[in-house]
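Undergrad: Structure provided below as structure tokens; questions to follow.
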Amino acid sequence: MTEQSFVSYRREGAIAFIEIDNPPVNALSAAVRQGLSEAVARLADDPEARIAVLSCAGRTFIAGADISEFGKPPVPPFLPDVVAALEASPKPVVAALHGTVLGGGLEIALGAHYRVAVPGTRMGLPEVSLGLLPGAGGTQRLPRAVGLDAAIDLITSGRQIGAATALELGLIDRLADGTDPRAAGEAEARRLLAEGCGPRRLSETPAPAVDPQAVAEWRTRLSRSARGQVAPLRALDTIATGLGLPFAEGMGLERRAFLDLMQTPERAALIHAFFAERRAAQQDDLAGVAPRTIGRIGVVGGGTMGQGIAAAALTAGLDVTLVERDDTAADKAAGGIRGMLDGAVKRGKLAADASERMLAQAFRAVSSHDPLAEVDLVIEAVFESLDVKQQVFRTLDRVCRPGAVLATNTSYLDVNLIAAATARPRDVIGLHFFSPANVMRLLEIVVADRTAPDVVATAFALARKMGKVGVRSGVCDGFIGNRMMLAYRTAADHMVLDGASPYEVDKAVVALGFPMGPYQVGDLAGLDIGYATRQRKAPTRDARERVPVFADRLVESGRLGRKTGRGYYIYDQDSPQGRPDPEMDDLLAGIRSDLGIAPRRFSAEEIQSRYMAAMVNEGARILDESIAARASDIDVVLLHGYGFPRWKGGPMHWADTQGLDRIAADIARFAAEDPYFWQISPLLARLAAGGGTLADISTGKDRE
Ligand code: 3H9
């Protein structure tokens with residue numbers, strides 16, 4: 001493809017139409033920047049052209065700079081210069097917007113002299129979510145368009161706004177009636193020509209006054225909400241300082257900040273996360289495999305998980321039949337789903353009448369399995385017991401139509417054994433949703449030995465339809481996420497047995513950037529869950545395995561976590577988020593003494609090293625066993641299901657940046673005390689010795 005073909009220039013009468021066509025999202029690659037510069041120059045030289053309309057082909061206006069170019073040597077022309085040239089055009093330019101106008105795309109629009117959008121257009125400067133700030137004038141032009149407060153809000157949050165809000169803020173001049181952006185741009189251009197309007201440049205518009213008090217308040221707020229991230233505060237400073245300078249100097253300040261942020265590990269981690277999420281959906285073995293139809297789904301089991309799945313499916317426009325054991329339970333589940341949908345309405349995620357409409361038209365809760373004969377896909381979400389689940393699958397096998405996908409939401413059990421309860425194991429797959437399923441975006445797609453490729457493709461299609469990030473996992477106890485969690489939880493439990501308090505562990509883990517530590521998570525989920533898992537595994541437990549006796553002791557004394565007001569923490573009116581339990585020290589001291597353990601102190605760094613090493617080591621095993629196909633898939637699971645700080649990219653990315661030799665050395669040190677738990681993954685040992693990275697495994701380079 002020649003460069004010219006990304007940006008076309010065509011004149012009709014006095015109007016020049018500049019169109020960018022760089023699928024899928026019209027990202028500003030070097031070729032597009034070059035093409036745009038040439039089109040702007042041509043506009044100036046075209047004696048017949050009096051005004052231009054800048055629009056994009058395909059599903060969206062420019063969605064930003066080309067992220068895949070970041071981290072590589074920059075290629076001219078640079079985006080700030082392209083925007084400056086556009087703005088300097090002696091003839092007015094109308095940006096005609098549709099789709100998602102993001103980052104450099106919005107900065108191009110701000111460089112244009114007029115902006116018109118079709119309904120449904122969304123706009124934003126999401127650079128902070130990539131560890132950056134707007135680097136093509138966004139920090140200097142947006143405040144001149146919408147005022148200081150709105151600009152700080154949009155730039156430091158990275159959030160998107162709709163066209164109506166953009167109009168109210170003054171970010172666009174007009175919200176068009178029709179859906180064709182080019183036609184909307186043309187109508188605006190004709191109006192401007194008739195009125196004799198010339199170029200109108202934001203760089204020549206006076207900057208809004210900067211109120212130091214307001215900036216200080218923003219700084220306090222962001223220090224809390226953007227914990228661990230550097231970009232939002234740097235963006236705030238760049239806006240506040242830059243607006244006090246002449247425009248060109250403000251631009252210089254922005255450029256320096258952008259280039260500085262480009263060098264940070266946070267930027268690399270956040271961009272890794274962006275591509276990792278998209279890569280997770282790419283399955284080479286499914287190329288050309290068409291998914292099965294999914295319009296109607298069944299959910300078996302109306303507990304919290306079943307309700308969440310049903311609510312998420314309804315929101316995605318699917319028809320849902322929920323089966324409970326009797327009418328009372330079915331009604332209760334329906335009530336729960338209504339509550340979830342109403343909550344989404346309150347949070348502005350659903351239109352006001354959507355909840356009623358969905359429940360009336362696309363939902364039924366029943367107490368018989370027979371209506372499942374009509375559905376395309378069933379998700380079982382009953383009690384976590386192999387016997388119970390196999391019983392459900394025998395029923396599904398009898399009732400469901402041939403070709404229906406039969407999915408289990410098990411979080412630990414062997415999907416092969418569940419599939420074996422049916423005469424159609426090719427149709428069986430694991431769909432492990434995370435609670436609350438109507439909120440959490442992660443979906444582990446557990447592919448059993450005999451699952452058919454088009455069933456896997458259907459699962460990915462369902463994930464996409466439901467707005468979830470689907471990650472493929474092989475069958476093993478706990479799949480990717482819970483298996484990783486068990487490893488780092490165990491490392492934490494060992495530290496508590498050996499002298500750390502659960503509060504020290506939680507504090508050190510929160511300092512890493514997790515929203516909660518493992519004992520806070522345990523209290524929230526209910527300590528009986530881990531207890532049940534330990535009971536289940538007890539008969540096959542290796543004699544060398546250390547048991548977290550303290551955790552069993554809490555459950556046996558009725559302390560199940562938040563739901564009983566007491567677990568590791570005490571929850572009451574004074575401390576709804578939990579406060580340390582003064583009896584914990586004595587409980588732990590007694591247990592250590594019974595076990596003959598001489599307690600020792602753990603520094604925060606030591607806690608963090610052990611916690612992370614356990615996580616990385618298990619991740620390497622998961623990769624080595626091909627339970628996960630790529631290191632980045634493991635990162636996506638931990639980012640979306642387990643609160644791993646996004647600006648660290650996920651445990652596998654983090655490990656690569658730390659150096660695998662360092663982590664391997666840590667593990668060797670810990671193994672000197674406990675050789676059973678701290679067995680190094682062969683893959684990790686091999687990579688550490690050979691200087692490879694876990695990311696290499698994503699490309700299959702190191703798979704032996
Ligand atoms: C920036 O602009 C910096 C400037 O301020 C200053 C510069 C000096 N680049 O998400 P999807 C790919 S920072 C390259 O599945 P959707 C994506 O990888 C940038 N590629 O679709 C995927 O590829 P594949 C600020 C990109 O409909 C395909 O497009 N902008 C880019 O669910 C489809 O993507 C952003 O941060 C890109 N900018 O969502 C916007 N964007 O098919 C980031 C997408 O091979 N993008 N791709 O996997 C998004 O938020 C979403 O992609 C979007 C579409 C909402 C646009």
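To be explicit about the labels: the chains of the structure tokens are called A, B, and onward in the order shown, and within each one the residues are counted from 1, while ligands get numbers from 1 in the order they are shown.
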Which residues sit within 7 Å of ligand 1, counting only C-alpha atoms and all ligand atoms, listed as a VMD selection string?

TA: chain A and resid 24 to 25 27 63 to 68 78 to 80 100 102 to 105 107 125 to 127 130 133 to 136 138 275 278 to 279

Undergrad: Could you write out, as a list in words, all the residues of segment 378-465 of chain A that DSSP marks as strand (DSSP E)?

TA: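 The strand (DSSP E) subset of segment 378-465 of chain A is Val378, Ile379, Glu380, Val405, Leu406, Ala407, Thr408, Val428, Ile429, Gly430, Leu431, His432, Phe433, Leu442, Leu443, Glu444, Ile445 and Val446 of chain A.
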
Undergrad: Let me see the file: selected residues, N, CA and C atoms, as a compact mmCIF listing (two decimals), in the first residue's frame.

TA:
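Generated output (part-v6.txt):
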# COMPACT_ATOMS: atom_id res chain seq x y z
N VAL A 378 -25.78 -23.45 27.60
CA VAL A 378 -26.18 -23.46 29.02
C VAL A 378 -24.94 -23.26 29.87
N ILE A 379 -25.08 -22.43 30.91
CA ILE A 379 -23.98 -22.29 31.87
C ILE A 379 -24.47 -22.82 33.21
N GLU A 380 -23.80 -23.84 33.68
CA GLU A 380 -24.15 -24.41 34.98
C GLU A 380 -23.40 -23.65 36.06
N VAL A 405 -24.15 -25.76 23.37
CA VAL A 405 -22.90 -25.77 24.13
C VAL A 405 -23.24 -25.93 25.61
N LEU A 406 -22.55 -26.85 26.27
CA LEU A 406 -22.81 -27.10 27.68
C LEU A 406 -21.60 -26.63 28.48
N ALA A 407 -21.78 -25.57 29.27
CA ALA A 407 -20.63 -24.98 29.97
C ALA A 407 -20.78 -25.11 31.48
N THR A 408 -19.65 -25.34 32.13
CA THR A 408 -19.66 -25.35 33.59
C THR A 408 -18.89 -24.14 34.11
N VAL A 428 -18.78 -29.75 25.57
CA VAL A 428 -18.63 -29.29 26.95
C VAL A 428 -17.36 -28.44 27.10
N ILE A 429 -17.50 -27.34 27.85
CA ILE A 429 -16.39 -26.40 28.07
C ILE A 429 -16.55 -25.77 29.44
N GLY A 430 -15.47 -25.25 29.99
CA GLY A 430 -15.57 -24.49 31.24
C GLY A 430 -15.66 -23.01 30.94
N LEU A 431 -16.59 -22.33 31.58
CA LEU A 431 -16.67 -20.86 31.48
C LEU A 431 -16.61 -20.35 32.91
N HIS A 432 -15.41 -20.00 33.35
CA HIS A 432 -15.24 -19.60 34.74
C HIS A 432 -15.37 -18.09 34.87
N PHE A 433 -16.58 -17.68 35.30
CA PHE A 433 -16.84 -16.26 35.55
C PHE A 433 -16.31 -15.90 36.94
N LEU A 442 -13.27 -10.58 33.75
CA LEU A 442 -12.51 -11.77 33.37
C LEU A 442 -13.41 -12.99 33.14
N LEU A 443 -13.08 -13.75 32.11
CA LEU A 443 -13.75 -15.03 31.87
C LEU A 443 -12.66 -16.03 31.48
N GLU A 444 -12.44 -17.03 32.34
CA GLU A 444 -11.50 -18.09 31.96
C GLU A 444 -12.26 -19.11 31.11
N ILE A 445 -11.73 -19.37 29.94
CA ILE A 445 -12.36 -20.32 29.01
C ILE A 445 -11.57 -21.62 29.11
N VAL A 446 -12.15 -22.60 29.78
CA VAL A 446 -11.40 -23.80 30.12
C VAL A 446 -11.69 -24.89 29.09

Undergrad: Between A:Pro119, A:Asp21, A:Ala290, A:Ser603, which is the closest to Phe460 of chain A once you count only C-alpha atoms?

TA: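 Counting only C-alpha atoms, the residue closest to Phe460 of chain A is A:Ala290.
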
Undergrad: Report as a list in words all protein, DNA and RNA residues lying within 12 Å of Pro76 of chain A, evaluated on only C-alpha atoms, omitting residues in the same chain fewer than 4 positions from it.

TA: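 In the requested form, the answer reads Leu28, Ser29, Ala30, Ala31, Val32, Arg33, Gln34, Gly35, Ser37, Glu69, Pro80, Asp81 and Val82 of chain A.
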
Undergrad: One decimal, in Å: what's the spacing between atom CA of Arg621 of chain A and atom CA of Ile680 of chain A?

TA: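 Taking atom CA of Arg621 of chain A as the start and atom CA of Ile680 of chain A as the end point, the length is 8.8 Å.
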
Undergrad: Select from segment 478-577 of chain A every residue with an atom at most 12 Å from any atom of segment 631-640 of chain A, then for each give the shortest pair of atoms and their distance in Å to one decimal, using only C-alpha atoms, rows by chain and rising number, as a tab-separated table.

TA:
residue	atom	partner	partner_atom	distance
A:Phe479	CA	A:Val637	CA	10.3
A:Ile480	CA	A:Ile634	CA	6.8
A:Gly481	CA	A:Val637	CA	6.0
A:Asn482	CA	A:Leu638	CA	9.5
A:Arg483	CA	A:Ile634	CA	10.9
A:Met484	CA	A:Leu638	CA	8.5
A:Met485	CA	A:Leu638	CA	8.9
A:Tyr488	CA	A:Leu638	CA	11.9
A:Gly513	CA	A:Leu639	CA	11.4
A:Phe514	CA	A:Leu639	CA	9.8
A:Pro515	CA	A:Leu639	CA	11.4

Undergrad: Tell me which protein, DNA and RNA residues are within 10 Å of Asp46 of chain A, counting only C-alpha atoms, leaving out same-chain ones fewer than 3 positions away, and put them as a short mmCIF file (atom, residue, chain, number, x, y, z; two decimals) with N, CA and C atoms, in the first residue's frame.

TA:
data_model
loop_
_atom_site.label_atom_id
_atom_site.label_comp_id
_atom_site.auth_asym_id
_atom_site.auth_seq_id
_atom_site.Cartn_x
_atom_site.Cartn_y
_atom_site.Cartn_z
N ARG A 11 -11.48 17.26 -3.90
CA ARG A 11 -12.21 18.53 -3.78
C ARG A 11 -13.49 18.49 -4.59
N ALA A 14 -15.90 24.22 -3.65
CA ALA A 14 -14.97 24.94 -2.77
C ALA A 14 -14.54 24.11 -1.57
N ALA A 16 -12.78 20.91 0.22
CA ALA A 16 -11.82 19.80 0.10
C ALA A 16 -12.19 18.75 1.14
N VAL A 40 -2.70 18.63 4.17
CA VAL A 40 -2.83 20.00 4.70
C VAL A 40 -2.07 20.97 3.78
N ALA A 41 -0.90 20.56 3.32
CA ALA A 41 -0.12 21.40 2.41
C ALA A 41 -0.88 21.59 1.10
N ARG A 42 -1.50 20.50 0.66
CA ARG A 42 -2.23 20.57 -0.62
C ARG A 42 -3.43 21.51 -0.51
N LEU A 43 -4.07 21.49 0.64
CA LEU A 43 -5.21 22.38 0.87
C LEU A 43 -4.77 23.84 0.71
N ALA A 49 -9.94 25.47 -3.36
CA ALA A 49 -10.45 25.05 -2.04
C ALA A 49 -10.55 26.23 -1.10
N ARG A 50 -11.71 26.37 -0.44
CA ARG A 50 -11.87 27.47 0.53
C ARG A 50 -12.03 26.95 1.94
#

Undergrad: As number ranges by chain, please: the residues near Val93 of chain A (cut-off 12 Å, only C-alpha atoms, same-chain neighbours under 5 positions excluded).

TA: A: 15-18, 39-40, 43-44, 49-55, 83, 85-88, 108-116, 185-186, 188-190, 192-193, 197-201

Undergrad: Extract the full set of alpha helix (DSSP H) residues from segment 188-264 of chain A according to DSSP on the backbone, and format it as a PyMOL selection string.

TA: chain A and resi 188-195+212-225+231-242+247-262

Undergrad: Just to be explicit: take each residue in the selection above, keep C-alpha atoms, and write the result as a compact mmCIF listing (two decimals), in the first residue's frame.

TA:
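So the final result, stored in part.txt, reads:
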# COMPACT_ATOMS: atom_id res chain seq x y z
CA GLU A 188 -21.07 22.47 8.67
CA ALA A 189 -18.56 23.58 6.01
CA ARG A 190 -21.35 25.05 3.85
CA ARG A 191 -22.73 26.93 6.85
CA LEU A 192 -19.29 28.31 7.71
CA LEU A 193 -18.68 29.34 4.11
CA ALA A 194 -22.03 31.11 3.98
CA GLU A 195 -21.20 32.95 7.20
CA PRO A 212 -3.67 27.28 42.61
CA GLN A 213 -6.17 26.19 45.27
CA ALA A 214 -8.14 24.13 42.72
CA VAL A 215 -4.93 22.55 41.42
CA ALA A 216 -3.85 21.69 44.98
CA GLU A 217 -7.20 19.98 45.57
CA TRP A 218 -6.79 17.99 42.37
CA ARG A 219 -3.30 16.98 43.46
CA THR A 220 -4.57 15.68 46.80
CA ARG A 221 -7.38 13.77 45.11
CA LEU A 222 -5.10 12.22 42.48
CA SER A 223 -2.42 11.24 44.98
CA ARG A 224 -5.06 8.98 46.47
CA SER A 225 -6.93 7.72 43.39
CA ALA A 231 1.18 9.94 34.61
CA PRO A 232 -1.93 11.56 36.16
CA LEU A 233 0.08 13.84 38.47
CA ARG A 234 2.54 14.71 35.73
CA ALA A 235 -0.42 15.59 33.49
CA LEU A 236 -1.85 17.83 36.19
CA ASP A 237 1.45 19.67 36.59
CA THR A 238 1.84 20.04 32.85
CA ILE A 239 -1.62 21.55 32.48
CA ALA A 240 -1.26 23.87 35.46
CA THR A 241 2.25 25.10 34.66
CA GLY A 242 1.84 25.11 30.89
CA PHE A 247 1.41 28.55 24.09
CA ALA A 248 4.65 27.45 22.42
CA GLU A 249 6.40 27.08 25.78
CA GLY A 250 3.44 25.13 27.16
CA MET A 251 3.81 22.79 24.21
CA GLY A 252 7.51 22.39 24.95
CA LEU A 253 6.71 21.49 28.54
CA GLU A 254 4.16 18.93 27.36
CA ARG A 255 6.63 17.39 24.93
CA ARG A 256 9.28 16.95 27.63
CA ALA A 257 6.75 15.37 29.99
CA PHE A 258 5.50 13.04 27.24
CA LEU A 259 9.02 11.90 26.36
CA ASP A 260 9.87 11.39 30.04
CA LEU A 261 6.78 9.27 30.60
CA MET A 262 7.56 7.27 27.49

Undergrad: I'd like the neighbourhood of Leu270 of chain A as a PyMOL selection string, where a residue qualifies if any of its atoms comes within 6 Å (using only C-alpha atoms), though same-chain residues fewer than 2 positions away should be ignored.

TA: chain A and resi 130+267-268+272-273+647+649

Undergrad: Only N, CA and C atoms, please: the residues just picked out, written as an mmCIF file, in the first residue's frame.

TA:
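Full text of out09.cif as output:
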data_model
loop_
_atom_site.group_PDB
_atom_site.id
_atom_site.type_symbol
_atom_site.label_atom_id
_atom_site.label_comp_id
_atom_site.auth_asym_id
_atom_site.auth_seq_id
_atom_site.Cartn_x
_atom_site.Cartn_y
_atom_site.Cartn_z
ATOM 1 N N LEU A 130 -2.406 4.603 29.586
ATOM 2 C CA LEU A 130 -1.231 3.966 28.976
ATOM 3 C C LEU A 130 0.053 4.476 29.624
ATOM 4 N N ARG A 267 4.644 3.021 31.823
ATOM 5 C CA ARG A 267 4.169 3.114 30.439
ATOM 6 C C ARG A 267 4.324 1.752 29.753
ATOM 7 N N ALA A 268 5.483 1.140 29.919
ATOM 8 C CA ALA A 268 5.717 -0.154 29.266
ATOM 9 C C ALA A 268 4.709 -1.188 29.784
ATOM 10 N N HIS A 272 1.791 -2.961 27.654
ATOM 11 C CA HIS A 272 1.804 -4.430 27.641
ATOM 12 C C HIS A 272 0.390 -4.947 27.965
ATOM 13 N N ALA A 273 -0.223 -4.361 28.994
ATOM 14 C CA ALA A 273 -1.566 -4.821 29.397
ATOM 15 C C ALA A 273 -2.572 -4.612 28.263
ATOM 16 N N TRP A 647 -0.508 -1.002 36.398
ATOM 17 C CA TRP A 647 0.709 -0.278 36.004
ATOM 18 C C TRP A 647 1.969 -1.103 36.276
ATOM 19 N N GLY A 649 1.714 -4.303 34.992
ATOM 20 C CA GLY A 649 1.604 -5.124 33.781
ATOM 21 C C GLY A 649 1.181 -6.565 33.976
#

Undergrad: Taking only C-alpha atoms into account, which of A:Gln520, A:Ala491, A:Ala500, A:Gly162 comes nearest Ala671 of chain A?

TA: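 When distances to Ala671 of chain A are compared using only C-alpha atoms, the smallest one comes from A:Ala491.
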
Undergrad: What does the structure give for the distance between atom CA of Gly470 of chain A and atom CA of His653 of chain A, in Å to one decimal?

TA: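 Distance between the two atoms: 18.9 Å.
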
Undergrad: Given only C-alpha atoms as the basis, pick out the residue of A:Ala613, A:Ile627, A:Ala421, A:Ala373 nearest to Trp678 of chain A.

TA: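 Going through A:Ala613, A:Ile627, A:Ala421, A:Ala373 one by one, the smallest distance to Trp678 of chain A is for A:Ala613.
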